[in-house]
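*Asks:* Mind looking over this structure? Questions follow.
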Amino acid sequence: MLKGIVPPLVTPLSDRDTLDVAGLERLIEHLTAGGVSGLFILGTTGEGPSLSYRLRRELIERTCSLAKNRVPVLVGITDTSFTESVNLAQHAADHGCHSTVLAPPYYFPAGQAELIEYLDDLVKELPLPMFLYNMPGLTKVNFEHEVIRAAMQWVKVIGIKDSSCDMIYFHKLLRLTRERPDWSLLVGPEELTAEAVLLGAHGGVNGGANIHPRLYVELYQAAAAQDLARVRELHAQVIELASRIYAVGKHKSAIIKGIKCSLSLLGICHDAMAEPFHSFRQPERDQIKTHLQALNILPA
């Protein structure tokens with residue numbers, strides 16, 4: 001079972017289709033030194049669906065090589081094409097990845113019965129274990145509980161990352177996953193990670209951990225230990241980071257831009273974005289710098 005903080009890595013880019021390899025290496029060292037339990041690439045924070053297939057494959061190869069088996073590498077294979085998802089999973093297996101992560105196909109919304117058939121067909125062809133990824137805000141489709149219950153019957157499906165921000169949905173998931181003790185239940189929204197782990201979730205896939213991995217790791221550890229006083233202290237710091245860094249900019253891409261800009265200011269990697277987005281201009285960079293200094297992440 002995978003437990004702890006598994007950051008959804010940004011994809012360091014030097015331009016829209018060129019990997020910042022040196023930046024990726026620094027980012028991986030930054031995260032592993034912070035005590036994370038795994039690395040998740042090609043997710044939402046990693047701009048996975050916006051990257052060329054060539055770049056996705058390169059990122060898989062480089063990440064696995066740089067991780068050096070210190071922590072498991074999870075690879076997002078979400079795609080509108082069934083075949084491309086399988087192809088990417090095979091490439092991940094060939095280069096030593098631990099598991100795949102799959103959200104529902106995001107152009108044609110599938111019904112729940114169709115999702116069960118889709119997953120059944122996919123599991124038969126996947127060379128690696130798979131996490132489900134519930135991200136209805138972007139895919140327009142929930143993995144409803146009938147699909148989760150069906151997926152739990154397949155040994156190759158080993159857990160779920162829930163980014164729905166719906167705690168009623170989460171509580172139903174928690175009850176379901178008790179039926180399979182080896183399943184990992186991870187949550188995406190960092191604002192809910194402390195609460196979720198206190199209630200029985202196994203960790204968080206939190207974007208802010210790119211910036212300050214040790215903070216998120218310590219929050220998880222405190223929540224897993226039911227140390228409520230420490231949880232309150234660390235949760236307040238996470239909320240402060242999120243409320244400052246993610247509030248710069250007015251578009252849905254602001255969270256990714258804020259994380260990448262922060263990493264750029266910290267000297268870890270470039271902040272170039274995949275199209276259709278672009279990195280923050282100077283006024284926004286100045287705001288991020290001020291916030292990082294206020295958070296004692298960047299020296300004044």
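By order of appearance in the structure tokens: chains A, B, ..., then residues from 1 within every chain, and ligands from 1 in the order shown.
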Quick one: residues within 7 Å of Ala103 of chain A, only C-alpha atoms, excluding same-chain residues fewer than 3 positions away - as JSON, numbers by chain?
*Replies:* {"A": [78, 132, 133, 134, 135]}
*Asks:* Would you save the residues from that selection as a compact mmCIF listing (two decimals), in the first residue's frame, using N, CA and C atoms?
*Replies:*
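This is the output file result32.txt:
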# COMPACT_ATOMS: atom_id res chain seq x y z
N THR A 78 -3.80 9.13 -18.57
CA THR A 78 -5.11 9.61 -19.02
C THR A 78 -5.02 10.14 -20.45
N LEU A 132 -6.91 4.73 -9.87
CA LEU A 132 -7.93 5.57 -10.47
C LEU A 132 -7.71 7.01 -10.00
N TYR A 133 -8.13 7.96 -10.82
CA TYR A 133 -7.94 9.38 -10.51
C TYR A 133 -9.27 10.07 -10.75
N ASN A 134 -9.94 10.43 -9.66
CA ASN A 134 -11.24 11.08 -9.78
C ASN A 134 -11.06 12.58 -9.84
N MET A 135 -11.29 13.17 -11.01
CA MET A 135 -11.05 14.60 -11.23
C MET A 135 -12.22 15.18 -12.03
*Asks:* Residues within 9 Å of segment 21-36 of chain A, please, as number ranges by chain. Count only C-alpha atoms; anything in the same chain fewer than 4 positions from it doesn't count.
*Replies:* A: 4-7, 9-14, 59, 62-63, 66-67, 70-71, 209-218, 263, 267-270
*Asks:* Using the selection just defined, write its residues with N, CA and C atoms as an mmCIF file, in the first residue's frame.
*Replies:*
data_model
loop_
_atom_site.group_PDB
_atom_site.id
_atom_site.type_symbol
_atom_site.label_atom_id
_atom_site.label_comp_id
_atom_site.auth_asym_id
_atom_site.auth_seq_id
_atom_site.Cartn_x
_atom_site.Cartn_y
_atom_site.Cartn_z
ATOM 1 N N GLY A 4 1.526 8.254 2.429
ATOM 2 C CA GLY A 4 2.353 9.441 2.567
ATOM 3 C C GLY A 4 2.030 10.508 1.540
ATOM 4 N N ILE A 5 3.009 11.357 1.280
ATOM 5 C CA ILE A 5 2.848 12.452 0.319
ATOM 6 C C ILE A 5 3.511 12.067 -0.994
ATOM 7 N N VAL A 6 2.730 12.106 -2.057
ATOM 8 C CA VAL A 6 3.210 11.791 -3.404
ATOM 9 C C VAL A 6 2.978 13.035 -4.260
ATOM 10 N N PRO A 7 3.963 13.916 -4.379
ATOM 11 C CA PRO A 7 3.734 15.161 -5.108
ATOM 12 C C PRO A 7 3.400 14.916 -6.582
ATOM 13 N N LEU A 9 4.254 16.100 -9.720
ATOM 14 C CA LEU A 9 5.337 16.966 -10.195
ATOM 15 C C LEU A 9 4.878 17.913 -11.291
ATOM 16 N N VAL A 10 5.339 19.166 -11.200
ATOM 17 C CA VAL A 10 5.272 20.007 -12.380
ATOM 18 C C VAL A 10 6.216 19.402 -13.416
ATOM 19 N N THR A 11 5.981 19.717 -14.673
ATOM 20 C CA THR A 11 6.909 19.299 -15.723
ATOM 21 C C THR A 11 7.805 20.486 -16.046
ATOM 22 N N PRO A 12 9.072 20.455 -15.617
ATOM 23 C CA PRO A 12 9.962 21.583 -15.907
ATOM 24 C C PRO A 12 10.208 21.702 -17.416
ATOM 25 N N LEU A 13 9.914 22.855 -17.954
ATOM 26 C CA LEU A 13 10.071 23.093 -19.389
ATOM 27 C C LEU A 13 10.945 24.311 -19.611
ATOM 28 N N SER A 14 11.748 24.265 -20.670
ATOM 29 C CA SER A 14 12.491 25.461 -21.081
ATOM 30 C C SER A 14 11.785 26.178 -22.221
ATOM 31 N N LEU A 59 9.915 12.385 -20.468
ATOM 32 C CA LEU A 59 9.763 12.667 -19.048
ATOM 33 C C LEU A 59 9.762 11.372 -18.237
ATOM 34 N N ARG A 62 13.452 10.057 -18.154
ATOM 35 C CA ARG A 62 14.335 10.884 -17.325
ATOM 36 C C ARG A 62 13.984 10.755 -15.843
ATOM 37 N N THR A 63 12.693 10.772 -15.535
ATOM 38 C CA THR A 63 12.285 10.710 -14.127
ATOM 39 C C THR A 63 12.707 9.394 -13.497
ATOM 40 N N LEU A 66 16.458 9.423 -12.946
ATOM 41 C CA LEU A 66 16.891 10.341 -11.885
ATOM 42 C C LEU A 66 16.394 9.909 -10.510
ATOM 43 N N ALA A 67 15.247 9.243 -10.449
ATOM 44 C CA ALA A 67 14.717 8.782 -9.155
ATOM 45 C C ALA A 67 15.567 7.666 -8.569
ATOM 46 N N ARG A 70 14.671 5.277 -5.590
ATOM 47 C CA ARG A 70 14.558 5.715 -4.197
ATOM 48 C C ARG A 70 13.112 5.782 -3.740
ATOM 49 N N VAL A 71 12.229 6.155 -4.650
ATOM 50 C CA VAL A 71 10.796 6.184 -4.371
ATOM 51 C C VAL A 71 10.073 5.694 -5.620
ATOM 52 N N ALA A 209 3.397 20.530 -2.447
ATOM 53 C CA ALA A 209 4.573 19.782 -2.004
ATOM 54 C C ALA A 209 5.742 19.951 -2.972
ATOM 55 N N ASN A 210 5.476 20.390 -4.206
ATOM 56 C CA ASN A 210 6.574 20.736 -5.108
ATOM 57 C C ASN A 210 7.430 21.838 -4.490
ATOM 58 N N ILE A 211 6.771 22.779 -3.812
ATOM 59 C CA ILE A 211 7.456 23.944 -3.263
ATOM 60 C C ILE A 211 8.097 23.634 -1.915
ATOM 61 N N HIS A 212 7.327 23.006 -1.033
ATOM 62 C CA HIS A 212 7.777 22.802 0.352
ATOM 63 C C HIS A 212 7.453 21.372 0.774
ATOM 64 N N PRO A 213 8.161 20.386 0.234
ATOM 65 C CA PRO A 213 7.792 18.991 0.500
ATOM 66 C C PRO A 213 7.808 18.624 1.975
ATOM 67 N N ARG A 214 8.782 19.120 2.734
ATOM 68 C CA ARG A 214 8.891 18.729 4.140
ATOM 69 C C ARG A 214 7.650 19.134 4.939
ATOM 70 N N LEU A 215 7.077 20.294 4.629
ATOM 71 C CA LEU A 215 5.867 20.741 5.315
ATOM 72 C C LEU A 215 4.735 19.734 5.137
ATOM 73 N N TYR A 216 4.527 19.280 3.914
ATOM 74 C CA TYR A 216 3.425 18.363 3.628
ATOM 75 C C TYR A 216 3.695 16.981 4.211
ATOM 76 N N VAL A 217 4.938 16.549 4.171
ATOM 77 C CA VAL A 217 5.305 15.254 4.759
ATOM 78 C C VAL A 217 5.057 15.280 6.265
ATOM 79 N N GLU A 218 5.454 16.359 6.924
ATOM 80 C CA GLU A 218 5.247 16.450 8.366
ATOM 81 C C GLU A 218 3.763 16.555 8.715
ATOM 82 N N LEU A 263 9.006 27.714 -7.980
ATOM 83 C CA LEU A 263 10.182 26.871 -8.198
ATOM 84 C C LEU A 263 11.260 27.622 -8.971
ATOM 85 N N GLY A 267 15.152 28.788 -7.699
ATOM 86 C CA GLY A 267 16.307 28.318 -8.450
ATOM 87 C C GLY A 267 16.282 26.839 -8.770
ATOM 88 N N ILE A 268 15.079 26.244 -8.762
ATOM 89 C CA ILE A 268 14.984 24.792 -8.989
ATOM 90 C C ILE A 268 14.770 24.468 -10.458
ATOM 91 N N CYS A 269 13.866 25.151 -11.134
ATOM 92 C CA CYS A 269 13.628 24.859 -12.548
ATOM 93 C C CYS A 269 13.023 26.071 -13.239
ATOM 94 N N HIS A 270 13.016 26.028 -14.565
ATOM 95 C CA HIS A 270 12.372 27.075 -15.345
ATOM 96 C C HIS A 270 10.862 27.027 -15.121
#
*Asks:* Which is closer to Lys124 of chain A than all the others in A:Phe280, A:Val157, A:Asp286, A:Pro299, using only C-alpha atoms?
*Replies:*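 Counting only C-alpha atoms, the residue closest to Lys124 of chain A is A:Val157.
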*Asks:* Could you produce a table of the residues of segment 163-195 of chain A lying within 12 Å of segment 136-143 of chain A, with the nearest pair of atoms per residue and their separation in Å rounded to one decimal, using only C-alpha atoms, ordered by chain and increasing residue number, as a Markdown table?
*Replies:*
| residue | atom | partner | partner_atom | distance |
| --- | --- | --- | --- | --- |
| A:Ser163 | CA | A:Pro136 | CA | 7.8 |
| A:Ser164 | CA | A:Pro136 | CA | 6.2 |
| A:Cys165 | CA | A:Gly137 | CA | 9.3 |
| A:Asp166 | CA | A:Pro136 | CA | 10.4 |
| A:Tyr169 | CA | A:Asn142 | CA | 9.9 |
| A:Phe170 | CA | A:Phe143 | CA | 11.6 |
| A:Leu173 | CA | A:Phe143 | CA | 10.4 |
*Asks:* For N, CA and C atoms, I'd like the residues from the last selection saved as a PDB file, in the first residue's frame.
*Replies:*
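The file below, again21.pdb, is the result:
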ATOM      1  N   SER A 163      -9.764  13.881  -6.252  1.00  0.00           N
ATOM      2  CA  SER A 163      -9.619  15.338  -6.326  1.00  0.00           C
ATOM      3  C   SER A 163     -10.968  16.022  -6.528  1.00  0.00           C
ATOM      4  N   SER A 164     -12.013  15.393  -6.033  1.00  0.00           N
ATOM      5  CA  SER A 164     -13.356  15.934  -6.234  1.00  0.00           C
ATOM      6  C   SER A 164     -13.659  17.115  -5.307  1.00  0.00           C
ATOM      7  N   CYS A 165     -12.925  17.248  -4.203  1.00  0.00           N
ATOM      8  CA  CYS A 165     -13.213  18.253  -3.160  1.00  0.00           C
ATOM      9  C   CYS A 165     -14.564  18.017  -2.499  1.00  0.00           C
ATOM     10  N   ASP A 166     -15.091  16.817  -2.633  1.00  0.00           N
ATOM     11  CA  ASP A 166     -16.417  16.470  -2.102  1.00  0.00           C
ATOM     12  C   ASP A 166     -16.221  15.506  -0.935  1.00  0.00           C
ATOM     13  N   TYR A 169     -18.553  12.423  -0.852  1.00  0.00           N
ATOM     14  CA  TYR A 169     -18.021  11.398  -1.758  1.00  0.00           C
ATOM     15  C   TYR A 169     -16.844  10.684  -1.083  1.00  0.00           C
ATOM     16  N   PHE A 170     -15.960  11.458  -0.455  1.00  0.00           N
ATOM     17  CA  PHE A 170     -14.802  10.871   0.216  1.00  0.00           C
ATOM     18  C   PHE A 170     -15.222   9.880   1.295  1.00  0.00           C
ATOM     19  N   LEU A 173     -16.217   6.732  -0.229  1.00  0.00           N
ATOM     20  CA  LEU A 173     -15.016   6.035  -0.680  1.00  0.00           C
ATOM     21  C   LEU A 173     -14.322   5.329   0.472  1.00  0.00           C
TER      22      LEU A 173
END
*Asks:* With only C-alpha atoms as the counted atoms, please give the residues lying no more than 8 Å from Gly258 of chain A, apart from itself and same-chain residues fewer than 5 positions off, as a PyMOL selection string.
*Replies:* chain A and resi 245-246+248+280+288
*Asks:* Once you have the residues from the selection above, write them out as a short mmCIF file (atom, residue, chain, number, x, y, z; two decimals), in the first residue's frame, restricted to C-alpha atoms.
*Replies:*
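The new file selection_6.cif reads:
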data_model
loop_
_atom_site.label_atom_id
_atom_site.label_comp_id
_atom_site.auth_asym_id
_atom_site.auth_seq_id
_atom_site.Cartn_x
_atom_site.Cartn_y
_atom_site.Cartn_z
CA ILE A 245 0.52 31.26 -3.94
CA TYR A 246 -2.65 30.05 -5.67
CA VAL A 248 -2.06 35.15 -7.85
CA PHE A 280 3.59 34.71 -15.08
CA ILE A 288 4.90 35.34 -5.73
#
*Asks:* If we count only C-alpha atoms, what is near Ala225 of chain A at a cut-off of 12 Å, once residues fewer than 3 positions away on the same chain are taken out, given as an NGL selection string?
*Replies:* :A and (194 or 197-200 or 202 or 218-222 or 228-231)
*Asks:* In Å, how far is it from atom CA of Arg244 of chain A to atom CA of Asn296 of chain A?
*Replies:* 12.6 Å
*Asks:* Let me make sure I understand: among A:Gly249, A:Leu42, A:Ala272, A:Ala150, which one has the smallest atom-to-atom distance to Asp17 of chain A if we use only C-alpha atoms?
*Replies:*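 Closest residue, counting only C-alpha atoms: A:Ala272.
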*Asks:* Between A:Asp162, A:Glu191, A:Glu275, A:Glu146, which residue has the minimum interatomic distance to Leu176 of chain A, considering only C-alpha atoms?
*Replies:*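 Ranked by minimum distance to Leu176 of chain A, first place goes to A:Glu146.
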*Asks:* Where in segment 8-139 of chain A does DSSP assign alpha helix (DSSP H), given as a ChimeraX atom specification?
*Replies:* /A:21-33,53-67,82-94,112-125,136-139
*Asks:* Could you work out how far atom CA of Asp94 of chain A lies from atom CA of Leu122 of chain A, giving the answer in Å with one decimal?
*Replies:*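 For atom CA of Leu122 of chain A relative to atom CA of Asp94 of chain A, the distance reads 17.7 Å.
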*Asks:* I need the residues of segment 2-210 of chain A that end up classed as strand (DSSP E or B) by DSSP on the backbone, written out as a ChimeraX atom specification.
*Replies:* /A:4-5,8,13-15,18-19,39-41,73-76,99-102,130-134,157-162,184-187,203-204
*Asks:* Atom CA of Val73 of chain A and atom CA of Ala196 of chain A are how many Å apart?
*Replies:* 22.9 Å
*Asks:* Which residue is closest to Val101 of chain A? Choose from A:Thr44, A:Ser243, A:Thr18, A:Thr193 and count only C-alpha atoms.
*Replies:*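 Looking only at the distances to Val101 of chain A, the closest residue turns out to be A:Thr44.
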*Asks:* Residues near Glu114 of chain A, anyone? I mean within 12 Å using only C-alpha atoms, not counting same-chain ones fewer than 5 positions away, as a PyMOL selection string.
*Replies:* chain A and resi 104-105+108-109+119-121+141+143-144+146-147
*Asks:* If you count only C-alpha atoms, which residues fall within 8 Å of Val187 of chain A, apart from same-chain ones fewer than 2 positions away, as a CSV table (one decimal) with all heavy atoms, in the first residue's frame?
*Replies:*
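And here's result-v9.csv as it stands now:
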chain,number,residue,atom,x,y,z
A,161,LYS,N,-6.9,8.2,-6.3
A,161,LYS,CA,-6.7,9.6,-5.9
A,161,LYS,C,-8.0,10.3,-6.1
A,161,LYS,O,-8.5,10.4,-7.3
A,161,LYS,CB,-5.5,10.2,-6.7
A,161,LYS,CG,-5.4,11.7,-6.4
A,161,LYS,CD,-4.6,12.4,-7.5
A,161,LYS,CE,-4.5,13.9,-7.2
A,161,LYS,NZ,-3.9,14.7,-8.3
A,162,ASP,N,-8.5,11.0,-5.1
A,162,ASP,CA,-9.7,11.7,-5.2
A,162,ASP,C,-9.5,13.2,-5.2
A,162,ASP,O,-9.0,13.7,-4.2
A,162,ASP,CB,-10.7,11.3,-4.1
A,162,ASP,CG,-12.0,12.1,-4.1
A,162,ASP,OD1,-12.4,12.5,-5.3
A,162,ASP,OD2,-12.6,12.4,-3.1
A,163,SER,N,-9.8,13.9,-6.3
A,163,SER,CA,-9.6,15.3,-6.3
A,163,SER,C,-11.0,16.0,-6.5
A,163,SER,O,-11.0,17.1,-7.1
A,163,SER,CB,-8.7,15.7,-7.5
A,163,SER,OG,-7.3,15.3,-7.2
A,185,LEU,N,-6.0,5.1,-0.5
A,185,LEU,CA,-7.0,6.2,-0.7
A,185,LEU,C,-6.2,7.5,-0.5
A,185,LEU,O,-5.8,7.8,0.6
A,185,LEU,CB,-8.2,6.1,0.2
A,185,LEU,CG,-9.1,7.3,0.2
A,185,LEU,CD1,-9.6,7.6,-1.2
A,185,LEU,CD2,-10.3,7.0,1.1
A,189,PRO,N,-6.7,17.6,-3.0
A,189,PRO,CA,-6.7,19.0,-2.5
A,189,PRO,C,-6.0,19.1,-1.2
A,189,PRO,O,-6.3,18.4,-0.2
A,189,PRO,CB,-8.2,19.3,-2.3
A,189,PRO,CG,-8.9,18.3,-3.1
A,189,PRO,CD,-8.1,17.1,-3.2
A,190,GLU,N,-4.9,19.9,-1.1
A,190,GLU,CA,-4.1,20.0,0.1
A,190,GLU,C,-4.9,20.6,1.3
A,190,GLU,O,-4.5,20.3,2.4
A,190,GLU,CB,-2.8,20.7,-0.2
A,190,GLU,CG,-3.0,22.0,-0.8
A,190,GLU,CD,-1.9,22.3,-1.8
A,190,GLU,OE1,-1.9,21.7,-2.9
A,190,GLU,OE2,-1.0,23.1,-1.5
A,192,LEU,N,-7.6,19.7,2.2
A,192,LEU,CA,-8.4,18.6,2.8
A,192,LEU,C,-7.5,17.5,3.3
A,192,LEU,O,-8.1,16.5,3.9
A,192,LEU,CB,-9.5,18.1,1.8
A,192,LEU,CG,-10.5,19.1,1.4
A,192,LEU,CD1,-11.4,18.5,0.3
A,192,LEU,CD2,-11.3,19.7,2.5
A,193,THR,N,-6.2,17.5,3.0
A,193,THR,CA,-5.4,16.4,3.3
A,193,THR,C,-5.4,16.0,4.8
A,193,THR,O,-5.5,14.9,5.2
A,193,THR,CB,-4.0,16.6,2.8
A,193,THR,OG1,-4.0,16.7,1.4
A,193,THR,CG2,-3.0,15.5,3.2
A,196,ALA,N,-8.6,14.4,5.8
A,196,ALA,CA,-8.8,13.1,5.2
A,196,ALA,C,-7.9,12.1,5.8
A,196,ALA,O,-8.4,10.9,6.1
A,196,ALA,CB,-8.5,13.2,3.7
A,201,ALA,N,-7.7,8.3,5.4
A,201,ALA,CA,-7.0,8.2,4.1
A,201,ALA,C,-5.6,7.9,4.3
A,201,ALA,O,-5.0,8.1,5.4
A,201,ALA,CB,-7.2,9.6,3.4
A,203,GLY,N,-2.9,9.3,2.5
A,203,GLY,CA,-1.9,10.3,2.1
A,203,GLY,C,-2.5,11.4,1.1
A,203,GLY,O,-3.7,11.4,0.9
A,204,GLY,N,-1.6,12.2,0.6
A,204,GLY,CA,-2.0,13.3,-0.3
A,204,GLY,C,-1.2,13.4,-1.5
A,204,GLY,O,0.0,13.1,-1.5
A,205,VAL,N,-1.8,13.8,-2.6
A,205,VAL,CA,-1.1,14.1,-3.8
A,205,VAL,C,-1.3,15.6,-4.0
A,205,VAL,O,-2.2,16.0,-4.7
A,205,VAL,CB,-1.7,13.3,-5.0
A,205,VAL,CG1,-0.9,13.5,-6.3
A,205,VAL,CG2,-1.7,11.8,-4.6
A,206,ASN,N,-0.4,16.3,-3.4
A,206,ASN,CA,-0.6,17.8,-3.2
A,206,ASN,C,0.4,18.6,-4.0
A,206,ASN,O,1.6,18.5,-3.8
A,206,ASN,CB,-0.4,18.1,-1.7
A,206,ASN,CG,-1.3,17.3,-0.8
A,206,ASN,OD1,-0.9,16.9,0.3
A,206,ASN,ND2,-2.5,16.9,-1.2
